[in-house]
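Undergrad: Following this message is one structure expressed as structure tokens.
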Amino acid sequence: MIIAERKPMEEIMRMLAPYKKVLVAGCGTCVTVCWVGGEKEVAILASELKLARSAEGNEIVTLEATVERQCEREMVAEIKDKVAEVEAVLSLACGSGVQTMAEMFEDKPVFPAVNTTFIGMPEKEGLWVEMCGACGDCFLDRTGGICPVVRCAKGLLNGPCGGTRKGGKCEIDPEKDCAWVLIYRRLEKQGRLDLMRNYYPPKNYRAVKRPGKVQAAKA
Amino acid sequence: MAKPFREILKTKDFVVTAEAGPVKGSNVSKAIEHIELLKDKVDGLNVTDNQSSVMRYPSLGVCLLIKEHGGEPVLQVTCRDRNRLAIQADLLFAYSRGISNILCLTGDSIDVGDHKEAKQVFDLDSVQLIHLVHTMNSGKDMAGNELDGGIDFCIGTTATPSADPLEPQLIKVEKKLKAGVSFIQTQAVYELDELKRFTEFVRNIDGKVKILAGIVPVIGAKMAAYMNENVPGVFIPQHLIDELAQAPKGTGVAKGIEIAARMIKQIKEEKVCDGVHIMFIGREEKVPEILEAAGLS
């Protein structure tokens with residue numbers, strides 16, 4: 001799923017400074033699961049905003065709404081009446097949700113309340129880690145199901161760099177495992193180390209022409 | 001004029017190279033000083049490529065200076081700052097100006113340097129870079145287009161004999177050897193046994209490649225601890241840190257030189273590998289003292 005992090009309050013306050021009435025809009029899918037943009041977080045952020053603005057002597061009125069998926073036009077359309085009442089929208093969805101909202105309500109400024117960070121999974125409660133870089137040219141069949149494109153800090157395809165720390169930790173973070181040491185161990189366990197000995201030529205970094213577009217196969 | 005490095009590798013029993021780190025700024029007088037001091041004392045002068053991800057005068061620029069002053073440059077090329085177009089263009093330029101030795105490296109992460117918000121490239125990795133140079137040596141670019149005037153680089157690469165775990169590193173070294181390299185300049189080595197183990201591994205795959213052991217003098221126990229923590233691929237053993245800690249105050253540099261020279265002597269006497277690559281970062285002017293202490297001058 002898509003992982004995001006809340007922006008610092010000061011940044012959100014700066015974005016909303018000119019407005020007196022805003023809609024705080026959540027999304028019920030990825031950002032709900034990663035504790036950053038669901039109904040609960042919408043309520044918390046709306047309260048924080050009101051308190052902070054009140055402390056400045058510059059009251060703000062907030063409406064709240066959370067749709068199931070902010071990246072789908074039909075679902076965003078469900079809150080059009082609330083949007084009509086406000087001067088601006090503060091979206092807690094991923095960048096895709098913010099843009100869908102902005103496109104649907106072109107006459108209203110829509111601001112992001114979160115930074116979309118990566119595609120990942122929960123490692124333990126309250127901690128999410130990156131797993132996929134959406135490169136459009138999946139390499140996982142050659143690496144025991146561990147992605148070197150994003151889990152190696154340098155995205156190397158032919159093995160570890162020379163900077164691996166003692167115990168197989170990453171050059172940039174002693175807490176992080178070297179992806180290539182993980183790949184080595186996984187392939188060794190499966191008796192498939194030959195895969196790691198193969199030479200892999202330079203990757204096609206244009207497999208997805210940005211901005212990406214995928215057309216479903218016709219039934 | 002210096003002998004071509006390719007010839008040196010074929011003919012000399014014990015090859016010695018040193019590193020000339022580019023300066024931070026456009027004043028190249030210090031670099032020229034180092035070149036003048038070292039060019040006739042070593043067989044090749046490596047020039048680092050934004051070493052430790054710190055922005056500096058380019059490797060290509062210092063290589064040209066070495067050439068102008070009659071030395072033999074080894075152009076270090078990392079994959080961190082340039083994509084495949086930029087690397088190929090640089091190689092054409094370098095070769096057209098008489099630079100014909102290349103050391104292919106991955107490059108440190110942007111995170112260890114002084115421009116931590118930069119976009120890191122890594123369009124290629126070091127194995128792919130070696131293949132790329134071979135492709136261009138054969139007269140074509142990576143896209144298969146003919147080159148009007150090709151290149152002919154003597155290709156080298158790096159390896160980390162002290163890596164832990166070692167096996168994944170060795171698999172990568174094997175790929176580099178199969179891609180084809182004439183020399184390996186290792187990361188800093190402090191334990192002879194590790195170097196022997198590494199050399200044996202390489203020899204079983206490729207009997208011809210020349211192995212130059214990386215020598216990075218350490219001039220104090222604190223510096224050693226700092227390097228272990230912060231310099232990727234460096235592992236200084238505790239017994240050396242203890243030896244440095246026992247050195248009287250003010251004798252750190254001399255002790256560092258003594259330890260480095262001792263290691264070089266052992267490597268040479270026991271014929272552990274084919275030479276050494278001395279990296280005395282920021283103290284290039286001290287390299288001749290190491291050579292002298294090691295009996296190489």
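The way I read the labels, and the way they are meant: chains A, B, ... in the order of the structure tokens, residue 1 as the first residue of every chain, and ligand 1 as the first ligand shown, with later ones counted on from there.
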So that I can check the surroundings of stretch 110-127 of chain A, please list as a ChimeraX atom specification every protein, DNA and RNA residue that reaches within 10 Å of it, counting only C-alpha atoms and ignoring chain neighbours fewer than 4 positions away.

TA: /A:1-9,11-13,15-16,22-26,30-31,33-37,42,45,87-103,105-106,131-134,150

Undergrad: List as a ChimeraX atom specification the protein and nucleic acid residues near B:Lys265, meaning an atom at most 10 Å away when only C-alpha atoms are counted, but skip any in the same chain fewer than 6 places from it.

TA: /B:259,271,291,293-296

Undergrad: Could you dump the residues just selected with N, CA and C atoms as a compact mmCIF listing (two decimals), in the first residue's frame?

TA:
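Done, and the output landed in again.txt:
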```txt
# COMPACT_ATOMS: atom_id res chain seq x y z
N ILE B 259 53.31 1.61 10.49
CA ILE B 259 52.40 0.47 10.33
C ILE B 259 52.14 0.19 8.85
N LYS B 271 55.12 -12.03 -1.13
CA LYS B 271 54.48 -12.08 -2.45
C LYS B 271 52.98 -12.37 -2.35
N LEU B 291 56.91 5.16 1.17
CA LEU B 291 57.66 4.39 0.17
C LEU B 291 59.08 4.11 0.67
N ALA B 293 60.16 4.12 3.85
CA ALA B 293 60.13 3.21 5.00
C ALA B 293 59.86 1.77 4.58
N ALA B 294 59.15 1.63 3.46
CA ALA B 294 58.83 0.28 2.99
C ALA B 294 59.92 -0.27 2.07
N GLY B 295 60.93 0.54 1.84
CA GLY B 295 62.04 0.12 0.98
C GLY B 295 61.68 0.12 -0.50
N LEU B 296 60.76 1.00 -0.88
CA LEU B 296 60.31 1.02 -2.27
C LEU B 296 60.85 2.20 -3.07
```

Undergrad: Where in stretch 19-219 of chain A does DSSP assign alpha helix (DSSP H), given as JSON, numbers by chain?

TA: {"A": [30, 31, 32, 33, 39, 40, 41, 42, 43, 44, 45, 46, 47, 48, 49, 50, 51, 52, 53, 54, 55, 73, 74, 75, 76, 77, 80, 81, 82, 83, 84, 85, 95, 96, 97, 98, 99, 100, 101, 102, 103, 104, 148, 149, 150, 151, 179, 180, 181, 182, 183, 184, 185, 186, 187, 188, 189, 194, 195, 196, 197]}

Undergrad: Taking a cut-off of 12 Å and counting only C-alpha atoms, can you build a table that, for each residue of chain A near chain B, reports the nearest atom pair and how far apart they are in Å (one decimal), sorted by chain then residue number, as JSON lines?

TA:
```
{"residue": "A:Pro148", "atom": "CA", "partner": "B:Asp125", "partner_atom": "CA", "distance": 11.8}
{"residue": "A:Val149", "atom": "CA", "partner": "B:Phe122", "partner_atom": "CA", "distance": 10.3}
{"residue": "A:Val150", "atom": "CA", "partner": "B:Phe122", "partner_atom": "CA", "distance": 11.8}
{"residue": "A:Cys152", "atom": "CA", "partner": "B:Ser109", "partner_atom": "CA", "distance": 10.7}
{"residue": "A:Ala153", "atom": "CA", "partner": "B:Ser109", "partner_atom": "CA", "distance": 7.5}
{"residue": "A:Lys154", "atom": "CA", "partner": "B:Phe122", "partner_atom": "CA", "distance": 6.3}
{"residue": "A:Gly155", "atom": "CA", "partner": "B:Phe122", "partner_atom": "CA", "distance": 6.9}
{"residue": "A:Leu156", "atom": "CA", "partner": "B:Asp125", "partner_atom": "CA", "distance": 5.7}
{"residue": "A:Leu157", "atom": "CA", "partner": "B:Asp125", "partner_atom": "CA", "distance": 6.9}
{"residue": "A:Asn158", "atom": "CA", "partner": "B:Lys172", "partner_atom": "CA", "distance": 6.6}
{"residue": "A:Gly159", "atom": "CA", "partner": "B:Lys172", "partner_atom": "CA", "distance": 5.4}
{"residue": "A:Pro160", "atom": "CA", "partner": "B:Gln169", "partner_atom": "CA", "distance": 6.3}
{"residue": "A:Cys161", "atom": "CA", "partner": "B:Thr106", "partner_atom": "CA", "distance": 6.5}
{"residue": "A:Gly162", "atom": "CA", "partner": "B:Gly233", "partner_atom": "CA", "distance": 5.5}
{"residue": "A:Gly163", "atom": "CA", "partner": "B:Pro232", "partner_atom": "CA", "distance": 4.2}
{"residue": "A:Thr164", "atom": "CA", "partner": "B:Gly233", "partner_atom": "CA", "distance": 6.3}
{"residue": "A:Arg165", "atom": "CA", "partner": "B:Gly233", "partner_atom": "CA", "distance": 6.8}
{"residue": "A:Lys166", "atom": "CA", "partner": "B:Asp164", "partner_atom": "CA", "distance": 5.0}
{"residue": "A:Gly167", "atom": "CA", "partner": "B:Asp164", "partner_atom": "CA", "distance": 5.7}
{"residue": "A:Gly168", "atom": "CA", "partner": "B:Pro165", "partner_atom": "CA", "distance": 6.0}
{"residue": "A:Lys169", "atom": "CA", "partner": "B:Asp164", "partner_atom": "CA", "distance": 9.2}
{"residue": "A:Cys170", "atom": "CA", "partner": "B:Pro232", "partner_atom": "CA", "distance": 9.3}
{"residue": "A:Glu171", "atom": "CA", "partner": "B:Pro232", "partner_atom": "CA", "distance": 6.0}
{"residue": "A:Ile172", "atom": "CA", "partner": "B:Asp111", "partner_atom": "CA", "distance": 6.4}
{"residue": "A:Asp173", "atom": "CA", "partner": "B:Asp111", "partner_atom": "CA", "distance": 9.4}
{"residue": "A:Pro174", "atom": "CA", "partner": "B:Glu229", "partner_atom": "CA", "distance": 9.3}
{"residue": "A:Asp177", "atom": "CA", "partner": "B:Pro165", "partner_atom": "CA", "distance": 11.9}
{"residue": "A:Cys178", "atom": "CA", "partner": "B:Pro168", "partner_atom": "CA", "distance": 10.4}
{"residue": "A:Ala179", "atom": "CA", "partner": "B:Pro168", "partner_atom": "CA", "distance": 10.7}
{"residue": "A:Trp180", "atom": "CA", "partner": "B:Pro168", "partner_atom": "CA", "distance": 7.2}
{"residue": "A:Val181", "atom": "CA", "partner": "B:Pro168", "partner_atom": "CA", "distance": 6.4}
{"residue": "A:Leu182", "atom": "CA", "partner": "B:Pro168", "partner_atom": "CA", "distance": 9.6}
{"residue": "A:Ile183", "atom": "CA", "partner": "B:Pro168", "partner_atom": "CA", "distance": 9.0}
{"residue": "A:Tyr184", "atom": "CA", "partner": "B:Pro168", "partner_atom": "CA", "distance": 6.2}
{"residue": "A:Arg185", "atom": "CA", "partner": "B:Pro168", "partner_atom": "CA", "distance": 8.9}
{"residue": "A:Arg186", "atom": "CA", "partner": "B:Pro168", "partner_atom": "CA", "distance": 11.7}
{"residue": "A:Leu187", "atom": "CA", "partner": "B:Pro168", "partner_atom": "CA", "distance": 10.9}
{"residue": "A:Glu188", "atom": "CA", "partner": "B:Pro168", "partner_atom": "CA", "distance": 10.4}
{"residue": "A:Leu193", "atom": "CA", "partner": "B:Ile171", "partner_atom": "CA", "distance": 9.3}
{"residue": "A:Asp194", "atom": "CA", "partner": "B:Ile171", "partner_atom": "CA", "distance": 9.7}
{"residue": "A:Leu195", "atom": "CA", "partner": "B:Ile171", "partner_atom": "CA", "distance": 10.6}
{"residue": "A:Met196", "atom": "CA", "partner": "B:Ile171", "partner_atom": "CA", "distance": 7.4}
{"residue": "A:Arg197", "atom": "CA", "partner": "B:Ile171", "partner_atom": "CA", "distance": 6.1}
{"residue": "A:Asn198", "atom": "CA", "partner": "B:Lys175", "partner_atom": "CA", "distance": 7.7}
{"residue": "A:Tyr199", "atom": "CA", "partner": "B:Lys175", "partner_atom": "CA", "distance": 6.6}
{"residue": "A:Tyr200", "atom": "CA", "partner": "B:Gln128", "partner_atom": "CA", "distance": 7.8}
{"residue": "A:Pro201", "atom": "CA", "partner": "B:Gln128", "partner_atom": "CA", "distance": 6.1}
{"residue": "A:Pro202", "atom": "CA", "partner": "B:Leu124", "partner_atom": "CA", "distance": 5.8}
{"residue": "A:Lys203", "atom": "CA", "partner": "B:Asp123", "partner_atom": "CA", "distance": 7.7}
{"residue": "A:Asn204", "atom": "CA", "partner": "B:Asp123", "partner_atom": "CA", "distance": 9.2}
{"residue": "A:Tyr205", "atom": "CA", "partner": "B:Asp123", "partner_atom": "CA", "distance": 7.8}
{"residue": "A:Arg206", "atom": "CA", "partner": "B:Asp123", "partner_atom": "CA", "distance": 11.1}
```

Undergrad: Convert the current residue selection to file output with N, CA and C atoms, as a short mmCIF file (atom, residue, chain, number, x, y, z; two decimals), in the first residue's frame.

TA:
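Result went into result_13.cif, see below:
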```
data_model
loop_
_atom_site.label_atom_id
_atom_site.label_comp_id
_atom_site.auth_asym_id
_atom_site.auth_seq_id
_atom_site.Cartn_x
_atom_site.Cartn_y
_atom_site.Cartn_z
N PRO A 148 16.09 -5.17 -4.98
CA PRO A 148 17.30 -4.36 -4.82
C PRO A 148 17.10 -2.95 -5.37
N VAL A 149 16.09 -2.77 -6.20
CA VAL A 149 15.91 -1.46 -6.82
C VAL A 149 15.58 -0.41 -5.75
N VAL A 150 14.77 -0.77 -4.77
CA VAL A 150 14.50 0.20 -3.70
C VAL A 150 15.09 -0.18 -2.35
N CYS A 152 18.02 -1.72 -1.78
CA CYS A 152 19.44 -1.36 -1.78
C CYS A 152 19.47 0.15 -1.91
N ALA A 153 20.24 0.81 -1.03
CA ALA A 153 20.26 2.28 -1.01
C ALA A 153 20.74 2.87 -2.34
N LYS A 154 21.42 2.04 -3.14
CA LYS A 154 21.93 2.53 -4.42
C LYS A 154 21.21 1.88 -5.61
N GLY A 155 20.27 1.00 -5.33
CA GLY A 155 19.52 0.35 -6.41
C GLY A 155 20.40 -0.52 -7.29
N LEU A 156 21.42 -1.16 -6.70
CA LEU A 156 22.37 -1.94 -7.50
C LEU A 156 21.77 -3.28 -7.93
N LEU A 157 22.12 -3.74 -9.12
CA LEU A 157 21.52 -4.96 -9.66
C LEU A 157 22.44 -6.18 -9.65
N ASN A 158 23.72 -5.97 -9.39
CA ASN A 158 24.67 -7.09 -9.51
C ASN A 158 25.39 -7.45 -8.22
N GLY A 159 24.80 -7.13 -7.09
CA GLY A 159 25.44 -7.48 -5.83
C GLY A 159 25.73 -6.26 -4.97
N PRO A 160 26.26 -6.49 -3.75
CA PRO A 160 26.42 -5.39 -2.79
C PRO A 160 27.54 -4.44 -3.20
N CYS A 161 27.47 -3.21 -2.69
CA CYS A 161 28.57 -2.27 -2.89
C CYS A 161 29.67 -2.61 -1.88
N GLY A 162 30.77 -1.90 -1.95
CA GLY A 162 31.88 -2.19 -1.05
C GLY A 162 31.72 -1.54 0.32
N GLY A 163 30.60 -0.88 0.52
CA GLY A 163 30.43 -0.14 1.76
C GLY A 163 29.64 -0.86 2.84
N THR A 164 29.26 -2.12 2.55
CA THR A 164 28.46 -2.87 3.52
C THR A 164 29.15 -2.89 4.88
N ARG A 165 28.39 -2.62 5.95
CA ARG A 165 28.97 -2.61 7.29
C ARG A 165 29.06 -4.02 7.85
N LYS A 166 29.85 -4.15 8.91
CA LYS A 166 30.01 -5.45 9.58
C LYS A 166 28.65 -6.03 9.94
N GLY A 167 28.50 -7.33 9.71
CA GLY A 167 27.24 -7.98 10.03
C GLY A 167 26.20 -7.82 8.93
N GLY A 168 26.61 -7.24 7.79
CA GLY A 168 25.69 -7.14 6.66
C GLY A 168 24.69 -6.00 6.77
N LYS A 169 25.14 -4.88 7.35
CA LYS A 169 24.26 -3.72 7.44
C LYS A 169 24.60 -2.72 6.34
N CYS A 170 23.65 -1.83 6.09
CA CYS A 170 23.77 -0.89 4.97
C CYS A 170 24.77 0.23 5.28
N GLU A 171 25.46 0.67 4.22
CA GLU A 171 26.43 1.77 4.32
C GLU A 171 25.81 3.02 4.96
N ILE A 172 24.56 3.29 4.63
CA ILE A 172 23.99 4.57 5.08
C ILE A 172 23.27 4.48 6.42
N ASP A 173 23.05 3.27 6.92
CA ASP A 173 22.29 3.15 8.17
C ASP A 173 22.59 1.81 8.85
N PRO A 174 23.30 1.87 10.00
CA PRO A 174 23.67 0.63 10.68
C PRO A 174 22.47 -0.18 11.16
N ASP A 177 19.33 -3.54 7.11
CA ASP A 177 20.04 -4.65 6.51
C ASP A 177 20.45 -4.28 5.09
N CYS A 178 21.63 -4.76 4.67
CA CYS A 178 22.04 -4.63 3.27
C CYS A 178 21.11 -5.53 2.46
N ALA A 179 20.43 -4.97 1.47
CA ALA A 179 19.47 -5.75 0.69
C ALA A 179 20.16 -6.94 0.02
N TRP A 180 21.41 -6.73 -0.41
CA TRP A 180 22.10 -7.80 -1.13
C TRP A 180 22.55 -8.93 -0.20
N VAL A 181 22.76 -8.61 1.06
CA VAL A 181 23.05 -9.68 2.03
C VAL A 181 21.76 -10.47 2.28
N LEU A 182 20.63 -9.78 2.35
CA LEU A 182 19.34 -10.47 2.50
C LEU A 182 19.07 -11.37 1.29
N ILE A 183 19.35 -10.83 0.12
CA ILE A 183 19.12 -11.60 -1.12
C ILE A 183 20.03 -12.83 -1.13
N TYR A 184 21.29 -12.61 -0.75
CA TYR A 184 22.25 -13.73 -0.69
C TYR A 184 21.71 -14.84 0.22
N ARG A 185 21.29 -14.44 1.43
CA ARG A 185 20.83 -15.44 2.40
C ARG A 185 19.58 -16.17 1.91
N ARG A 186 18.66 -15.44 1.32
CA ARG A 186 17.43 -16.06 0.82
C ARG A 186 17.74 -17.05 -0.30
N LEU A 187 18.57 -16.63 -1.24
CA LEU A 187 18.86 -17.50 -2.38
C LEU A 187 19.68 -18.72 -1.94
N GLU A 188 20.56 -18.50 -0.94
CA GLU A 188 21.36 -19.60 -0.43
C GLU A 188 20.45 -20.66 0.20
N LEU A 193 21.73 -19.82 -5.49
CA LEU A 193 22.73 -18.75 -5.55
C LEU A 193 23.22 -18.46 -6.97
N ASP A 194 23.02 -19.41 -7.87
CA ASP A 194 23.41 -19.18 -9.27
C ASP A 194 22.74 -17.92 -9.82
N LEU A 195 21.54 -17.65 -9.34
CA LEU A 195 20.83 -16.44 -9.79
C LEU A 195 21.63 -15.19 -9.48
N MET A 196 22.30 -15.21 -8.33
CA MET A 196 23.08 -14.04 -7.92
C MET A 196 24.38 -13.95 -8.73
N ARG A 197 24.84 -15.08 -9.22
CA ARG A 197 26.10 -15.08 -10.00
C ARG A 197 25.87 -14.60 -11.44
N ASN A 198 24.61 -14.60 -11.88
CA ASN A 198 24.33 -14.11 -13.24
C ASN A 198 24.65 -12.63 -13.36
N TYR A 199 25.05 -12.23 -14.56
CA TYR A 199 25.25 -10.80 -14.81
C TYR A 199 23.93 -10.19 -15.29
N TYR A 200 23.54 -9.10 -14.68
CA TYR A 200 22.33 -8.41 -15.13
C TYR A 200 22.71 -7.09 -15.78
N PRO A 201 22.35 -6.91 -17.05
CA PRO A 201 22.72 -5.68 -17.77
C PRO A 201 21.96 -4.47 -17.22
N PRO A 202 22.37 -3.28 -17.64
CA PRO A 202 21.70 -2.07 -17.12
C PRO A 202 20.19 -2.15 -17.28
N LYS A 203 19.51 -1.63 -16.29
CA LYS A 203 18.05 -1.69 -16.26
C LYS A 203 17.46 -0.68 -17.23
N ASN A 204 16.28 -1.02 -17.72
CA ASN A 204 15.53 -0.06 -18.52
C ASN A 204 14.79 0.86 -17.56
N TYR A 205 15.37 2.03 -17.34
CA TYR A 205 14.74 2.98 -16.40
C TYR A 205 13.61 3.77 -17.06
N ARG A 206 13.32 3.43 -18.30
CA ARG A 206 12.22 4.10 -18.99
C ARG A 206 11.08 3.12 -19.26
#
```

Undergrad: Please identify the strand (DSSP E) residues within stretch 19-208 of chain A (assignment by DSSP from backbone atoms) and present them as number ranges by chain.

TA: A: 21-27, 61-67, 88-91, 110-112, 114-124, 127-132, 169-170, 173-177

Undergrad: Tell me, in Å to one decimal, how far atom CA of B:Gln238 is from atom CA of B:Phe198.

TA: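 These atoms are spaced 20.7 Å apart.
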
Undergrad: For A:Glu72, which residue out of A:Met104, A:Ile146, A:Val129, A:Ala217 is the nearest one, using only C-alpha atoms?

TA: A:Met104

Undergrad: Quick one: distance from atom CA of B:Ile66 to atom CA of B:Leu45 in Å, one decimal?

TA: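 Rounded to one decimal, the two atoms are 7.8 Å apart.
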
Undergrad: Find the spatial neighbours of B:His277, counting only C-alpha atoms, within a cut-off of 10 Å - ignore same-chain residues fewer than 6 positions away - and output them as a list of chain:residue names.

TA: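 Residues near the query, excluding close chain neighbours: B:Val15, B:Val16, B:Thr17, B:Ala18, B:Glu19, B:Val42, B:Asp43, B:Gly44, B:Leu45, B:Asn46, B:Ile184, B:Gln185, B:Thr186, B:Gln187, B:Ala188, B:Ile211, B:Leu212, B:Ala213, B:Gly214, B:Ile215, B:Val216, B:Ile264.
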